[in-house]
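> Shown below is the structure under consideration.
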Amino acid sequence: MKYLLYLLVFFLSISRNHAQSSLAAPILLWPQGAPGATGTSDEDKPAVIPFIPEKSKQNGTAVLVIPGGGFTIRAVDHEGVLVAQWLKERGITAFLLRYRLRPLYDRKDWLADGQRAIQYIRANAAQYQIDPDRVGAVGFSAGAMLVADLGFNAGLGDANATDPLEKPSALPNFDILAYGAMPFPAALSPERLKQVPPTFMFGTVEDAGSLNGLSTLFVDMVKNKVPVEAHFFQNGVHGSGFALGDPILGEWPKLLWNWMHTNGFLSPKKRLALNGLVKLDGSPLLRGMIVLTPLDNPNDPPVIVYMTNTGTGELGRFSMPAEQGPVKGKYKVEVRQEATRWTSNSRDPFMINMMAKQRDNTLTDADKKEWGEFLRKRNLNPSIDKQKVFKKQRPGDVKDYVVEIVEGKEVVIEVFSQR
């Protein structure tokens with residue numbers, strides 16, 4: 001019986017080691033010993049485990065993965081390995097962080113570990129074929145607090161440092177916070193606020209404790225004009241990770257991917273401001289949408305233009321700032337028409353005048369009467385039975401409609417409903 005028990009333990013040990021054998025060996029962030037280390041175990045040696053995509057998939061983006069655990073453990077599997085593998089499968093080089101924990105260490109130590117990890121990635125960018133300007137961080141629960149801390153407190157590097165890892169900045173280019181964060185520190189200067197990286201947030205209403213911190217930080221970021229996107233689902237327990245396989249919460253990694261894609265974090269190319277004109281059957285598109293899909297490289301950012309024709313400019317014209325614009329190259333065009341009759345209130349002189357009076361509380365009874373008579377004369381009935389989609393420039397065309405984006409050149413998009 002004892003012999004069988006020994007065999008069982010032996011085979012379980014082999015199975016456990018085999019399950020971990022595909023992971024790369026941890027890389028120590030301080031090979032000669034971490035500052036303030038009080039022992040020589042793994043828990044005294046901050047490290048990263050790299051997850052390197054196949055060369056054909058690599059897009060040059062890197063993400064530091066920081067699992068949670070209340071700074072007392074690290075949820076290294078579902079908030080670490082599974083997340084890093086998901087990123088790796090999509091061409092992103094991931095680095096799983098082994099950071100120090102309490103009670104052996106405190107905040108200054110795990111913050112130093114996170115900073116050192118970002119610096120390690122940038123210092124070794126050439127080795128890993130990484131763009132040092134596209135290095136982000138994703139954290140869960142306590143790990144999200146550490147990621148946020150990196151944005152608030154990361155050093156910007158020292159070009160004259162003798163240690164090559166201290167030369168690059170420790171500030172991520174983008175942050176991803178999952179069910180855990182903290183509000184802006186009161187002492188954060190206006191200059192430092194401008195350096196807080198673009199941020200993506202995920203949480204659930206059911207996880208009320210984490211939601212409070214995330215929602216407070218979200219409002220802080222909006223007030224201080226830090227680019228931020230947040231998705232708060234109704235249900236979901238704390239610690240769901242990427243929720244892989246969950247038909248509801250499992251959508252959030254897809255939303256994250258869209259955010260990274262549209263913000264240009266998957267492409268090294270310079271984004272361009274874009275001005276243009278859109279016509280349908282020779283007339284300005286009054287209300288609709290333009291979808292520009294990159295053809296040269298699927299990692300280049302897509303561009304979505306909403307044609308609302310608000311303001312007083314020329315009908316059918318649009319203007320995109322560089323941070324939302326395309327890169328140089330070819331884009332497939334899709335025009336979607338949402339109305340055939342549309343006049344925004346911001347374009348109608350009478351409505352501009354009436355609404356200004358309403359805002360100023362100067363609207364008289366005579367104004368209300370005149371406004372009512374104007375309303376009765378307006379045609380607000382439906383003008384379209386469904387959204388019209390134009391993927392070819394003309395019906396019957398074999399090829400998709402493609403435009404070439406050139407820096408400084410206006411793009412004219414024109415489609416026709418009839419041959």
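In the structure tokens, each chain is lettered A, B, ... as it comes, each chain's residues begin at 1, and ligands are numbered from 1 in order of appearance.
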Show which residues sit within 12 Å of Thr262 (chain A), as a ChimeraX atom specification. Count only C-alpha atoms, and ignore same-chain residues fewer than 2 positions away.
/A:229,255-260,264-267,271,292-294,298-304,322-327
> So which residues touch Asp385 (chain A) within 12 Å, counting only C-alpha atoms, skipping near sequence neighbours fewer than 5 positions away, as a list in words?
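Surrounding residues, per the criterion: Gln337, Glu338, Ala339 and Thr340 of chain A.
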> I want to know what sits within 10 Å of Lys225 (chain A), based on only C-alpha atoms, with residues of the same chain fewer than 3 positions away left out; could you give that as a ChimeraX atom specification?
/A:193-194,196,198,219-222,228
> The selected residues should be written to file as a CSV table (one decimal), in the first residue's frame (atoms: C-alpha atoms).

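part.csv, freshly written:
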chain,number,residue,atom,x,y,z
A,193,LEU,CA,-1.5,64.2,-14.6
A,194,LYS,CA,-0.8,64.8,-18.3
A,196,VAL,CA,-0.9,59.3,-17.0
A,198,PRO,CA,-4.6,56.0,-21.7
A,219,VAL,CA,-14.4,60.2,-13.0
A,220,ASP,CA,-11.0,61.5,-12.0
A,221,MET,CA,-9.6,60.6,-15.4
A,222,VAL,CA,-12.5,62.2,-17.3
A,228,VAL,CA,-10.2,56.4,-20.7
> Calculated over only C-alpha atoms, which of the candidates A:Gly180, A:Gly143, A:Pro247, A:Pro197 has the smallest distance to Ser215 (chain A)?
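The shortest atom-to-atom distance to Ser215 (chain A) comes from A:Gly180.
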> Using only C-alpha atoms, which of A:Ala117, A:Leu217, A:Met320, A:Val237 sits nearest Leu97 (chain A)?
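That would be A:Ala117, the residue with the smallest distance to Leu97 (chain A).
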